[in-house]
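Asker: This is the structure I have questions about; it appears just below.
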Amino acid sequence: MTGSCLVTGGSGFIGGQVARFLERQGHQVAVLGRSPVQGYRTVLGDLARAEIDFRGEAFRHVYHVAGLAHVEPRTNEEKERFTLVNVEGTRALLTGLERCRELPRSFLLVSTVAVYGVEDGDLLEETTERRASDPYGLSKRQAEDLVQKWGERRRVRTAIVRLPLVAGPGAPGNLGRMVTAMAAGRYLGMGTGAARRSMVRVADVAAVLPKVAEAGGVFHLTDGFHPTFRELETNLAAALGRRPPWRLPMPLAHTAAEVGDALEALTRKQMPFNRRALGKMTSTLTFSDEKARQALGWRPTRVLDFVEELLEGP
């Protein structure tokens, strides 16, 4: 065996891929979960309740993948849950590791480009100021700070990967909703579809994380292609055996987005389309992965070359 690893979120979309990759590489893998995870030794613990007991344990490398995401909070309680899980849960994890027989050699946090708090930009680098103030982005900013300060204090090598849209079988969030809507014939393209977004395959992320953990530092991971919405929509439609979706002219798109906002205010329920969604679909936001290419030999595959994966279940 090449070493023992702990993966949080080992039953999730990204964490499951990470655990399987590490196991294939010969690592002993344990996962942290609220209930047993089939196929792995499970250390029971709940980040949301800060109940983690690692007494008697020892892990060489820790991959902290678990967290709260893909939720649009509507109440103060829902907003506070981001802090509870992503910040206080991370704090509890770090405190729990201090009770192990020995500290890990490395601690890697899977974070997000949402920490920057920007709606548009082209090939932003890791040195971009983190200005997120929304519940999700702010909670991940604070989690990053916790991890880096803990690593400095405990002399544990820390690493952070900030991910854009992550593609793969059973992808959650906006990408998963896009696939579902297009499969059901309920998807409309917005405007020209020329806006670009950074993406990355979950399999590529899982495969490079051990290198990131070994190097330490902060890295973006993207496929380096940054497809336009039209390219993604066209390729996905082809994989589904459908014609490319109809496009809604921008004046009508703005009207539909305003209606969505009004319905949300009236019903206090999240609508599938609003001004926030329109902004994401019509603004370019890409991130440079040059640092990872130079330091890690990062050579990802193009998401569009594996778009069929998006049609598979988790």
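Chain identifiers are assigned as A, B, and so on, following the order in which chains appear in the structure tokens; residues are numbered from 1 within each chain, and ligands are numbered from 1 in order of appearance.
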Under the rule of at most 8 Å, produce a per-residue listing of stretch 171-267 of chain A near stretch 291-303 of chain A: chain, number, name, the closest pair of atoms, and the distance in Å, as a tab-separated table, using only C-alpha atoms.

Answerer:
residue	atom	partner	partner_atom	distance
A:Met199	CA	A:Val303	CA	6.9
A:Val200	CA	A:Val303	CA	6.2
A:Arg201	CA	A:Val303	CA	5.9
A:Asp204	CA	A:Pro300	CA	6.0
A:Val208	CA	A:Trp298	CA	7.3
A:Lys211	CA	A:Leu296	CA	6.5
A:Val212	CA	A:Leu296	CA	7.2
A:Ala215	CA	A:Leu296	CA	7.9
A:Phe219	CA	A:Ala292	CA	6.0
A:His220	CA	A:Ala292	CA	6.9
A:Leu221	CA	A:Ala292	CA	7.0
A:Thr222	CA	A:Pro300	CA	7.5
A:Asp223	CA	A:Pro300	CA	5.4
A:Gly224	CA	A:Pro300	CA	7.5
A:Phe225	CA	A:Arg302	CA	6.6

Asker: From a backbone DSSP assignment, name each residue in stretch 200-270 of chain A labelled helix (DSSP H, G or I), as an MDAnalysis selection string.

Answerer: chainID A and resid 202:215 229:240 250:267

Asker: Show which residues sit within 8 Å of A:Val218, as a VMD selection string. Count only C-alpha atoms, and ignore same-chain residues fewer than 4 positions away.

Answerer: chain A and resid 126 159 to 162

Asker: Measuring between only C-alpha atoms, which one of A:Val115, A:Thr127, A:Ala58, A:Val179 shows the shortest distance to A:Gly313?

Answerer: A:Val179

Asker: Please produce, as CSV, a per-residue contact table for stretch 98-193 of chain A versus stretch 33-53 of chain A (criterion: any atom at most 12 Å away, only C-alpha atoms considered), showing the nearest atom pair and its distance in Å to one decimal, sorted by chain then residue number.

Answerer:
residue,atom,partner,partner_atom,distance
A:Glu98,CA,A:Asp53,CA,10.1
A:Arg99,CA,A:Asp53,CA,7.8
A:Cys100,CA,A:Asp53,CA,8.8
A:Arg101,CA,A:Asp53,CA,12.0

Asker: List the neighbours of A:Glu258 out to 9 Å using only C-alpha atoms; skip same-chain residues closer than 5 positions along the sequence, and give me the result as a PyMOL selection string.

Answerer: chain A and resi 253+263+274-275

Asker: Could you dump the residues just selected with C-alpha atoms as a PDB file, in the first residue's frame?

Answerer:
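And here's selection18.pdb as it stands now:
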ATOM      1  CA  ALA A 253     -34.769  36.705 -22.309  1.00  0.00           C
ATOM      2  CA  LEU A 263     -42.516  34.848  -9.164  1.00  0.00           C
ATOM      3  CA  ASN A 274     -34.260  34.445 -13.322  1.00  0.00           C
ATOM      4  CA  ARG A 275     -31.894  37.368 -13.836  1.00  0.00           C
TER       5      ARG A 275
END

Asker: Near stretch 141-153 of chain A, within 9 Å and counting only C-alpha atoms, which residues show up once chain neighbours fewer than 4 positions away are dropped, as an MDAnalysis selection string?

Answerer: chainID A and resid 83 86:91 94 106:109 111:112 114:116 130:132 136:137 157:160

Asker: What lies within 9 Å of A:Asp261 using only C-alpha atoms, ignoring chain neighbours under 5 positions off, as a PDB file with C-alpha atoms, in the first residue's frame?

Answerer:
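As written to disk, result12.pdb reads:
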ATOM      1  CA  ALA A 256     -38.541  36.150 -18.913  1.00  0.00           C
ATOM      2  CA  LEU A 266     -44.284  36.198  -4.720  1.00  0.00           C
ATOM      3  CA  GLN A 270     -36.746  29.199  -6.577  1.00  0.00           C
ATOM      4  CA  MET A 271     -37.660  29.538 -10.250  1.00  0.00           C
ATOM      5  CA  PHE A 273     -34.934  30.966 -14.716  1.00  0.00           C
ATOM      6  CA  ASN A 274     -34.260  34.445 -13.322  1.00  0.00           C
ATOM      7  CA  ARG A 275     -31.894  37.368 -13.836  1.00  0.00           C
ATOM      8  CA  ARG A 276     -29.090  35.580 -12.017  1.00  0.00           C
TER       9      ARG A 276
END
